[in-house]
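Chemist: Take a look at this one; I'll ask things after.
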Amino acid sequence: MEQSNNDHTALVDYVLHLADNNLILTQRNAAWCGHGPILEQDIAITNITLDLIGQARNFYQYAATLIGGDATEDSLAYLRNERSFKNCLLVEQPNGDWAQTVTKQFFYSVYQFLLYEQLQKSSDETLAAIAAKSLKEVTYHVTWSSDWVIRLGDGTTESQQRMQQAIDNLWNYTGELFEPAAYENSLHQQQIAPAIATLQPAWLQKVKEVFAEATLTIPENSFVQTGGKNGLHTEQLGYILTELQYLQRTYPGANW
Amino acid sequence: MEQSNNDHTALVDYVLHLADNNLILTQRNAAWCGHGPILEQDIAITNITLDLIGQARNFYQYAATLIGGDATEDSLAYLRNERSFKNCLLVEQPNGDWAQTVTKQFFYSVYQFLLYEQLQKSSDETLAAIAAKSLKEVTYHVTWSSDWVIRLGDGTTESQQRMQQAIDNLWNYTGELFEPAAYENSLHQQQIAPAIATLQPAWLQKVKEVFAEATLTIPENSFVQTGGKNGLHTEQLGYILTELQYLQRTYPGANW
Amino acid sequence: MMQLVDLEKAFQAKIDQEIKIEPKDWMPDAYRKTNIRQISQHAHSEVIGMLPEGNWISRAPSLKRKAILIAKVQDEAGHGLYLYSAAETLGMSREQMTEDLLSGKAKYSSIFNYPTLTWADMGAIGWLVDGAAILNQVMLCRTSYGPYARANVRICKEESFHQRQGFETLMVLSQGTPEQKAMCQDAINRWWWPALMMFGPTDSESTNSDTSIKWKIKRKTNDELRQQFVDMAVQQVKVLGMTLPDPDLKWNEERQHYDFGEINWTEFWNVVKGNGPCNKQRLDAKKKAHEEGAWVRAAAVAHAQKKAARTTQKVA
Amino acid sequence: MMQLVDLEKAFQAKIDQEIKIEPKDWMPDAYRKTNIRQISQHAHSEVIGMLPEGNWISRAPSLKRKAILIAKVQDEAGHGLYLYSAAETLGMSREQMTEDLLSGKAKYSSIFNYPTLTWADMGAIGWLVDGAAILNQVMLCRTSYGPYARANVRICKEESFHQRQGFETLMVLSQGTPEQKAMCQDAINRWWWPALMMFGPTDSESTNSDTSIKWKIKRKTNDELRQQFVDMAVQQVKVLGMTLPDPDLKWNEERQHYDFGEINWTEFWNVVKGNGPCNKQRLDAKKKAHEEGAWVRAAAVAHAQKKAARTTQKVA
């Protein structure tokens with residue numbers, strides 16, 4: 001019974017982790033809406049953002065079902081605090097310039113693609129269904145972001161430098177994607193989720209391929225920053241939540 | 001009795017207006033803390049900010065006394081919404097670069113100096129006392145900000161251009177300082193506050209003197225943007241309040 | 001070769017027979033210019049219109065509302081694209097249009113120079129601003145220039161969806177807490193008059209109306225559209241249980257229309273001239289995006305050239 | 001002229017007699033260098049230390065707390081200034097120190113490479129981080145180099161005030177709502193071990209300790225200070241009704257001190273080497289401020305020169 005309780009908690013944590021990743025990246029990407037470098041790309045990144053928030057909602061709704069009681073997708077997104085959010089540090093990093101934004105999206109989308117590929121085979125039918133449904137979207141995200149990494153890497157001298165700077169800024173946050181939190185290990189044992197570390201070689205392979213075409217290099221300092229999956233974030237997240245949650249916090253209990 | 005009620009409401013609104021001006025500028029200036037161009041000036045602007053928040057607290061405390069009941073300085077600062085804040089549009093404008101920050105401070109401090117000079121003679125003893133006590137502080141703010149306007153205006157070509165740009169960005173928000181809201185008129189009739197419009201010539205005189213020394217010019221477009229005093233703000237204020245109020249909104253009723 | 005006067009006659013005959021004018025058809029210079037001005041202005045309005053709503057994406061109060069809002073702002077970007085393409089068929093380049101927008105030479109709808117101050121503004125914009133825009137766009141689905149008419153058909157479908165969503169946003173607020181009700185009424189109060197101004201100056205002041213109607217660029221006058229909007233809004237506001245901020249609103253039995261109060265034309269012209277609350281902010285945001293995006297556009301071009309060169313090499 | 005060996009003897013004699021070394025006095029090169037390193041590192045710590053606390057100014061939960069926090073961060077800037085001045089008396093320029101900080105050559109206290117994640121961190125930093133710093137600074141009030149000793153006297157007064165404010169901040173949280181209590185405990189959990197690391201490596205690993213003690217730059221070893229801190233904190237945490245996150249904490253009757261668990265030295269060295277959670281963020285913030293301030297500093301110099309030139313002209 002206790003084991004089963006633990007399993008249940010791990011599942012909830014895992015689903016929230018998946019949801020939070022997408023929501024926080026939504027919050028970041030959406031800041032480009034109306035401010036992109038090219039109108040067509042403003043539309044493209046907003047499209048990706050719509051996919052991300054759609055997936056986030058699926059996960060939050062599932063988490064709410066698992067938790068039961070008063071939990072809703074909105075209570076989970078709007079009423080948890082900075083120490084409860086389980087997103088990876090990568091997605092909360094600042095947008096920076098367009099180079100940093102597309103690099104972040106690229107790192108995340110490749111990871112998400114490999115994860116969803118496995119997750120669609122999950123013994124948890126809901127997760128399998130969400131992953132299967134989202135995989136097509138994520139496939140496009142990988143293509144779009146790879147194209148931009150290549151375009152900017154193999155573009156002008158300035159764009160190449162900006163890309164390399166973006167990679168240097170973000171690289172140390174990529175390792176966390178593949179360092180399993182306790183709930184990820186638990187879910188793997190329950191055969192619900194893949195062993196996340198096993199996805200790293202394929203991820204690295206894809207990154208190397210794209211970087212090669214883009215004439216970009218992987219930084220030497222590969223120290224891995226972790227914590228986000230367990231609620232230990234950078235100072236970025238607090239500010240994201242102040243905006244995200246302001247109305248719900250200000251008017252508790254109101255419907256919108 | 002109704003007149004007296006109206007008088008009372010006008011007084012509360014006026015005191016909140018004075019408090020809000022200072023609080024919002026505090027919120028803006030404090031963003032420099034740790035990020036100033038010169039450590040000594042980091043200290044200087046933070047000193048000014050401390051004066052501003054000190055004055056704000058005096059006004060909020062007075063407003064809380066006037067309102068009675070559960071009102072406190074914190075309930076007034078943290079639990080009113082964007083349409084209730086009565087600060088001028090000027091103080092909520094972005095910090096921009098150091099030029100824009102010192103220009104904003106200069107416009108505001110000269111205004112505040114002239115206002116407090118009159119307000120110390122107010123028939124309202126509390127306001128008179130706060131004004132008298134604050135005047136020495138504000139005198140220093142005027143000196144400090146004038147010095148910077150002159151230093152940057154009569155500095156390098158770049159600093160001169162940045163100053164002129166800052167003035168162009170802010171000028172249209174200065175007129176509001178001298179356009180009386182209904183509560184300012186009421187307070188003037190009650191002989192509590194000066195007729196704010198009458199302070200404009202002296203303000204303009206001082207600005208012209210400093211600009212002359214700084215080799216800067218007043219913009220031609222003198223269209224006056226108003227609204228702040230009556231709670232009609234720019235889109236800036238909402239974001240300021242999300243940060244300012246986040247903790248109080250998130251943990252209602254908690255003591256800190 | 002046909003004489004100019006014959007060309008003009010043939011052109012007007014087509015118009016009169018409700019045949020669409022297409023890009024390769026002969027058209028009077030003034031017709032071309034008017035259409036370019038109007039279509040690019042419409043495009044700019046969509047693009048600038050993204051900003052006041054974009055302002056609330058990060059703070060949208062529920063995930064559903066956030067997703068709806070993001071989708072809506074994205075639709076506006078899409079409308080901008082259709083419309084820029086329509087204007088390009090008349091020989092106006094996208095670069096030139098962007099330059100004219102950023103330099104202040106080209107106009108956009110003044111409504112977007114008002115700030116969005118509370119969440120209720122997202123509802124009020126949907127209901128009133130999109131509502132006003134739709135009346136215009138429905139008319140423009142039948143405008144005489146083919147590409148512009150077809151762009152409007154696409155736009156109208158999405159816009160009426162937006163308008164319903166806006167109304168529903170207000171509906172929820174109007175049935176909510178006292179603060180939400182107040183927020184709802186406040187937003188209506190602030191957006192009502194600017195929405196009425198969206199139809200432009202009164203017919204007696206409007207300069208381009210006569211030819212526009214003769215050429216069927218427009219089919220209704222500013223005042224006709226405005227009256228239609230007022231009549232519609234008066235009914236809808238009742239459903240919300242809110243009021244419109246005009247003491248002079250009254251059913252006129254004789255006209256079979258609602259009378260309404262005098263529009264503040266001084267404010268209208270001030271905003272048109274650049275002195276609205278957000279004119280500077282909106283253009284500054286677009287300039288900043290454009291300037292900060294310059295290296296991205298340059299890189300995209302450079303990469304495309306490199307790629308093309310490599311392909312050529314391979315082929316050779 | 002005195003022989004080097006005599007100078008060194010005379011220098012050590014002064015030290016032994018507790019006479020302060022002053023800027024113009026002869027001193028061994030290594031003494032000068034060690035002091036420069038230590039004082040500038042202390043100065044940088046004050047200046048970088050502004051960032052984690054500055055992070056909460058805009059979100060401080062009451063006006064009183066906001067004012068206190070602003071004042072505190074400002075005090076740290078002031079401490080930075082005294083200390084830079086003290087280092088300058090040893091022939092190190094302010095510009096060089098700034099450059100060494102920004103290039104990563106000079107170090108600062110690693111504690112500031114941890115993030116401030118909740119409001120309770122403002123309390124925990126005051127109590128634990130300032131508390132640890134004070135023990136060091138109290139000792140340094142008696143350091144042998146005069147200007148540095150006097151700077152520490154000024155600093156100590158303000159720091160103990162900060163520490164009390166920090167403790168009081170936690171006190172209020174510890175008596176607050178369940179969420180506030182949890183926030184308080186969480187902050188203590190996160191700051192405890194990094195605070196212990198502030199005293200540096202254990203004595204057996206510490207490279208500079210011996211000469212530093214002979215020259216009375218330091219008067220206590222890292223481990224002595226750390227033990228003093230632990231003994232103090234164990235008492236104080238009881239007042240808060242909170243716990244310290246160390247299962248090995250236990251009174252040792254024989255030593256008359258608290259035993260405590262093993263410090264994670266791998267983490268310590270990682271953060272020192274630049275891989276802490278915020279090393280990059282902190283330095284980037286300072287670099288940005290420095291770069292964006294370049295034109296301001298240039299303008300100030302240009303204006304001063306113009307002014308001086310005008311004065312000269314008038315005089316002539």
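Ordered as shown in the structure tokens, chains take letters A, B, and onward, while each chain numbers its residues from 1 and ligands are numbered from 1 in the order shown.
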For range 305-316 of chain C, find every residue with an atom within 10 Å (counting only C-alpha atoms), except residues of its own chain fewer than 5 positions away, and show them as a PyMOL selection string.

Modeler: (chain A and resi 151+154-155) or (chain C and resi 299-300)

Chemist: May I have the residues from that selection written out with N, CA and C atoms, as a JSON list (two decimals), in the first residue's frame?

Modeler:
[["chain", "number", "residue", "atom", "x", "y", "z"],
["A", 151, "ARG", "N", 20.99, 27.74, -40.06],
["A", 151, "ARG", "CA", 20.94, 29.01, -40.78],
["A", 151, "ARG", "C", 21.80, 30.07, -40.10],
["A", 154, "ASP", "N", 25.68, 28.84, -39.82],
["A", 154, "ASP", "CA", 26.32, 28.96, -41.13],
["A", 154, "ASP", "C", 25.76, 30.17, -41.89],
["A", 155, "GLY", "N", 25.67, 31.29, -41.19],
["A", 155, "GLY", "CA", 25.12, 32.51, -41.80],
["A", 155, "GLY", "C", 26.21, 33.54, -41.96],
["C", 299, "ALA", "N", 21.54, 37.13, -41.67],
["C", 299, "ALA", "CA", 22.08, 35.77, -41.59],
["C", 299, "ALA", "C", 21.27, 34.83, -42.47],
["C", 300, "ALA", "N", 19.94, 35.01, -42.47],
["C", 300, "ALA", "CA", 19.09, 34.14, -43.27],
["C", 300, "ALA", "C", 19.42, 34.30, -44.76]]

Chemist: Considering only C-alpha atoms, return as a PDB file with C-alpha atoms, in the first residue's frame whatever protein or nucleic-acid residues lie within 9 Å of Val230 in chain D, sequence-local ones (same chain, fewer than 6 positions apart) excluded.

Modeler:
ATOM      1  CA  LEU D 196      29.875  26.584   6.687  1.00  0.00           C
ATOM      2  CA  HIS D 257      31.882  21.940  21.107  1.00  0.00           C
ATOM      3  CA  TYR D 258      29.302  20.635  18.699  1.00  0.00           C
ATOM      4  CA  ASP D 259      30.414  17.954  16.317  1.00  0.00           C
ATOM      5  CA  PHE D 260      29.034  18.331  12.840  1.00  0.00           C
TER       6      PHE D 260
END

Chemist: Select, from B:Leu89, B:Ala181, B:Ile45, B:Ile167, the residue with the minimum atom-to-atom distance to chain C, counting only C-alpha atoms.

Modeler: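 Answer, going by the shortest atom-to-atom distance: B:Leu89.
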
Chemist: Work out how far CA of Tyr62 in chain B is from CA of Ile196 in chain B, in Å to one decimal.

Modeler: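 Between these atoms lies a distance of 21.0 Å.
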
Chemist: Give me every strand (DSSP E or B) residue in range 65-293 of chain D, going by DSSP on the backbone, as JSON, numbers by chain.

Modeler: {"D": [145, 250, 251, 252, 257, 258, 259]}

Chemist: Report as a PyMOL selection string all protein, DNA and RNA residues lying within 8 Å of Leu170 in chain A, evaluated on only C-alpha atoms, omitting residues in the same chain fewer than 5 positions from it.

Modeler: chain A and resi 90+93+100+104

Chemist: Write the residues of the preceding selection, restricted to N, CA and C atoms, as a compact mmCIF listing (two decimals), in the first residue's frame.

Modeler:
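Contents of selection15.txt, freshly written:
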# COMPACT_ATOMS: atom_id res chain seq x y z
N LEU A 90 16.78 24.47 -18.00
CA LEU A 90 16.95 24.94 -19.37
C LEU A 90 15.80 25.85 -19.82
N GLN A 93 15.53 29.61 -18.70
CA GLN A 93 16.58 30.58 -19.02
C GLN A 93 16.03 31.68 -19.93
N GLN A 100 19.68 32.64 -29.00
CA GLN A 100 19.52 31.91 -27.75
C GLN A 100 18.14 31.23 -27.70
N LYS A 104 17.73 27.19 -27.44
CA LYS A 104 16.98 26.60 -26.34
C LYS A 104 15.90 25.68 -26.87

Chemist: Compare B:Glu235, B:Asp51, B:Asp74, B:Asp42 by their minimum atom-to-atom distance to Lys136 in chain B, counting only C-alpha atoms, and give me the closest one.

Modeler: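 Nearest candidate to Lys136 in chain B out of B:Glu235, B:Asp51, B:Asp74, B:Asp42: B:Asp51.
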
Chemist: For chain B, which residues have at least one atom within 12 Å of chain C, if we go by only C-alpha atoms? Write them as a CSV table (one decimal) with N, CA, C and O atoms, in the first residue's frame, please.

Modeler:
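Writing the result to result-v1.csv gives the following:
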chain,number,residue,atom,x,y,z
B,80,ARG,N,-4.0,47.4,-3.5
B,80,ARG,CA,-4.8,48.2,-4.4
B,80,ARG,C,-4.4,47.8,-5.8
B,80,ARG,O,-3.3,47.4,-6.1
B,81,ASN,N,-5.3,47.9,-6.8
B,81,ASN,CA,-5.0,47.4,-8.1
B,81,ASN,C,-4.6,48.6,-9.0
B,81,ASN,O,-4.5,49.7,-8.6
B,82,GLU,N,-4.3,48.2,-10.3
B,82,GLU,CA,-3.7,49.1,-11.2
B,82,GLU,C,-4.5,50.4,-11.5
B,82,GLU,O,-4.0,51.4,-11.9
B,83,ARG,N,-5.8,50.2,-11.4
B,83,ARG,CA,-6.7,51.3,-11.6
B,83,ARG,C,-6.9,52.2,-10.4
B,83,ARG,O,-7.6,53.3,-10.5
B,84,SER,N,-6.4,51.8,-9.3
B,84,SER,CA,-6.5,52.6,-8.1
B,84,SER,C,-5.2,53.5,-7.8
B,84,SER,O,-5.3,54.4,-7.0
B,89,LEU,N,2.2,59.6,-14.5
B,89,LEU,CA,2.7,58.6,-15.5
B,89,LEU,C,4.2,58.7,-15.6
B,89,LEU,O,4.9,57.7,-15.8
B,93,GLN,N,7.5,55.4,-15.9
B,93,GLN,CA,8.2,55.1,-17.2
B,93,GLN,C,9.5,54.3,-16.9
B,93,GLN,O,10.1,54.4,-15.9
B,94,PRO,N,9.9,53.5,-17.9
B,94,PRO,CA,11.1,52.6,-17.7
B,94,PRO,C,12.3,53.4,-17.4
B,94,PRO,O,12.5,54.6,-17.7
B,168,ASP,N,13.4,63.6,-24.8
B,168,ASP,CA,12.3,63.4,-25.8
B,168,ASP,C,11.3,62.3,-25.4
B,168,ASP,O,10.1,62.3,-25.6
B,169,ASN,N,11.9,61.2,-24.8
B,169,ASN,CA,11.1,60.1,-24.3
B,169,ASN,C,10.1,60.5,-23.1
B,169,ASN,O,9.0,60.0,-23.0
B,170,LEU,N,10.6,61.4,-22.3
B,170,LEU,CA,9.9,61.7,-21.0
B,170,LEU,C,9.1,63.0,-21.1
B,170,LEU,O,8.2,63.2,-20.2
B,172,ASN,N,6.7,64.5,-22.6
B,172,ASN,CA,5.2,64.5,-22.7
B,172,ASN,C,4.6,64.1,-21.4
B,172,ASN,O,3.4,64.2,-21.2
B,173,TYR,N,5.4,63.5,-20.5
B,173,TYR,CA,4.8,63.1,-19.2
B,173,TYR,C,5.0,64.1,-18.1
B,173,TYR,O,4.6,63.9,-17.0
B,221,ASN,N,7.4,69.1,-29.5
B,221,ASN,CA,6.0,68.5,-29.2
B,221,ASN,C,5.8,68.5,-27.7
B,221,ASN,O,6.4,67.7,-27.0
B,222,SER,N,4.8,69.3,-27.4
B,222,SER,CA,4.6,69.5,-25.9
B,222,SER,C,3.2,68.9,-25.6
B,222,SER,O,2.6,69.3,-24.6
B,223,PHE,N,2.7,68.0,-26.4
B,223,PHE,CA,1.4,67.4,-26.1
B,223,PHE,C,1.5,66.7,-24.7
B,223,PHE,O,2.5,66.0,-24.4
B,224,VAL,N,0.5,66.9,-23.9
B,224,VAL,CA,0.6,66.5,-22.5
B,224,VAL,C,-0.2,65.1,-22.3
B,224,VAL,O,-1.4,65.1,-22.6
B,225,GLN,N,0.5,64.1,-21.9
B,225,GLN,CA,-0.1,62.8,-21.6
B,225,GLN,C,-0.6,62.9,-20.1
B,225,GLN,O,0.2,63.1,-19.2
B,226,THR,N,-1.8,62.6,-19.9
B,226,THR,CA,-2.4,62.6,-18.6
B,226,THR,C,-3.1,61.3,-18.3
B,226,THR,O,-3.3,60.4,-19.1
B,227,GLY,N,-3.6,61.2,-17.0
B,227,GLY,CA,-4.4,60.0,-16.7
B,227,GLY,C,-3.9,59.4,-15.3
B,227,GLY,O,-4.7,59.0,-14.5
B,228,GLY,N,-2.6,59.3,-15.1
B,228,GLY,CA,-2.1,58.6,-14.0
B,228,GLY,C,-2.7,59.1,-12.6
B,228,GLY,O,-3.1,58.2,-11.8
B,231,GLY,N,-5.8,57.3,-12.1
B,231,GLY,CA,-5.8,55.8,-12.1
B,231,GLY,C,-5.8,55.3,-13.6
B,231,GLY,O,-6.0,54.1,-13.7
B,232,LEU,N,-5.5,56.2,-14.5
B,232,LEU,CA,-5.5,55.7,-15.9
B,232,LEU,C,-4.0,55.7,-16.4
B,232,LEU,O,-3.5,56.8,-16.7
B,233,HIS,N,-3.4,54.6,-16.3
B,233,HIS,CA,-1.9,54.5,-16.5
B,233,HIS,C,-1.5,54.0,-17.8
B,233,HIS,O,-2.3,53.7,-18.7
B,234,THR,N,-0.2,54.0,-18.0
B,234,THR,CA,0.4,53.3,-19.2
B,234,THR,C,0.5,51.8,-18.9
B,234,THR,O,0.3,51.4,-17.8
B,235,GLU,N,0.9,51.1,-19.9
B,235,GLU,CA,1.0,49.6,-19.7
B,235,GLU,C,2.1,49.3,-18.8
B,235,GLU,O,2.3,48.1,-18.4
B,236,GLN,N,3.0,50.2,-18.4
B,236,GLN,CA,4.1,49.9,-17.5
B,236,GLN,C,3.6,49.5,-16.1
B,236,GLN,O,4.2,48.7,-15.5
B,237,LEU,N,2.6,50.2,-15.6
B,237,LEU,CA,2.3,50.1,-14.2
B,237,LEU,C,1.9,48.6,-13.8
B,237,LEU,O,2.3,48.1,-12.8
B,238,GLY,N,1.2,48.0,-14.7
B,238,GLY,CA,0.7,46.6,-14.4
B,238,GLY,C,1.9,45.7,-14.0
B,238,GLY,O,1.9,44.9,-13.1
B,239,TYR,N,3.0,45.8,-14.8
B,239,TYR,CA,4.1,44.9,-14.6
B,239,TYR,C,4.8,45.3,-13.3
B,239,TYR,O,5.3,44.4,-12.6
B,241,LEU,N,3.4,46.5,-10.6
B,241,LEU,CA,2.6,45.9,-9.5
B,241,LEU,C,2.7,44.4,-9.4
B,241,LEU,O,2.6,43.9,-8.3
B,242,THR,N,2.8,43.7,-10.5
B,242,THR,CA,2.9,42.2,-10.4
B,242,THR,C,4.1,41.9,-9.5
B,242,THR,O,4.0,41.0,-8.7

Chemist: Contacts from chain B to chain A, 9 Å maximum, only C-alpha atoms: show me the residue list as a ChimeraX atom specification.

Modeler: /B:79,81,239,242-243,245-252

Chemist: Just the helix (DSSP H, G or I) stuff from range 3-138 of chain D, please, per backbone DSSP, written as JSON, numbers by chain.

Modeler: {"D": [4, 5, 6, 7, 8, 9, 10, 11, 12, 13, 14, 15, 16, 29, 30, 31, 32, 33, 34, 35, 36, 37, 38, 39, 40, 41, 42, 43, 44, 45, 46, 47, 48, 49, 50, 51, 52, 53, 54, 63, 64, 65, 66, 67, 68, 69, 70, 71, 72, 73, 74, 75, 76, 77, 78, 79, 80, 81, 82, 83, 84, 85, 86, 87, 88, 94, 95, 96, 97, 98, 99, 100, 101, 102, 103, 110, 111, 112, 113, 120, 121, 122, 123, 124, 125, 126, 127, 128, 129, 130, 131, 132, 133, 134, 135, 136, 137, 138]}

Chemist: Could you name the residues that touch range 146-157 of chain D at 12 Å or less, counting only C-alpha atoms, but leaving out those on the same chain fewer than 6 positions away, as a ChimeraX atom specification?

Modeler: /D:15,18-25,32,35-40,42-43,46,72,75-90,130-140,163-164,216-218

Chemist: To one decimal place, how far is CA of Asn21 in chain A from CA of Tyr60 in chain A in Å?

Modeler: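 Taking CA of Asn21 in chain A and CA of Tyr60 in chain A, their separation equals 11.2 Å.
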
Chemist: Between CA of Gly36 in chain A and CA of Ala60 in chain C, what is the distance in Å, rounded to a tenth?

Modeler: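 We find that CA of Gly36 in chain A and CA of Ala60 in chain C lie 20.4 Å from each other.
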
Chemist: List the spatial neighbours of range 113-116 of chain A as a ChimeraX atom specification - criterion: any atom at most 7 Å away, only C-alpha atoms, same-chain residues fewer than 2 positions off excluded.

Modeler: /A:109-111,118-120,131-132,135,138-139,199
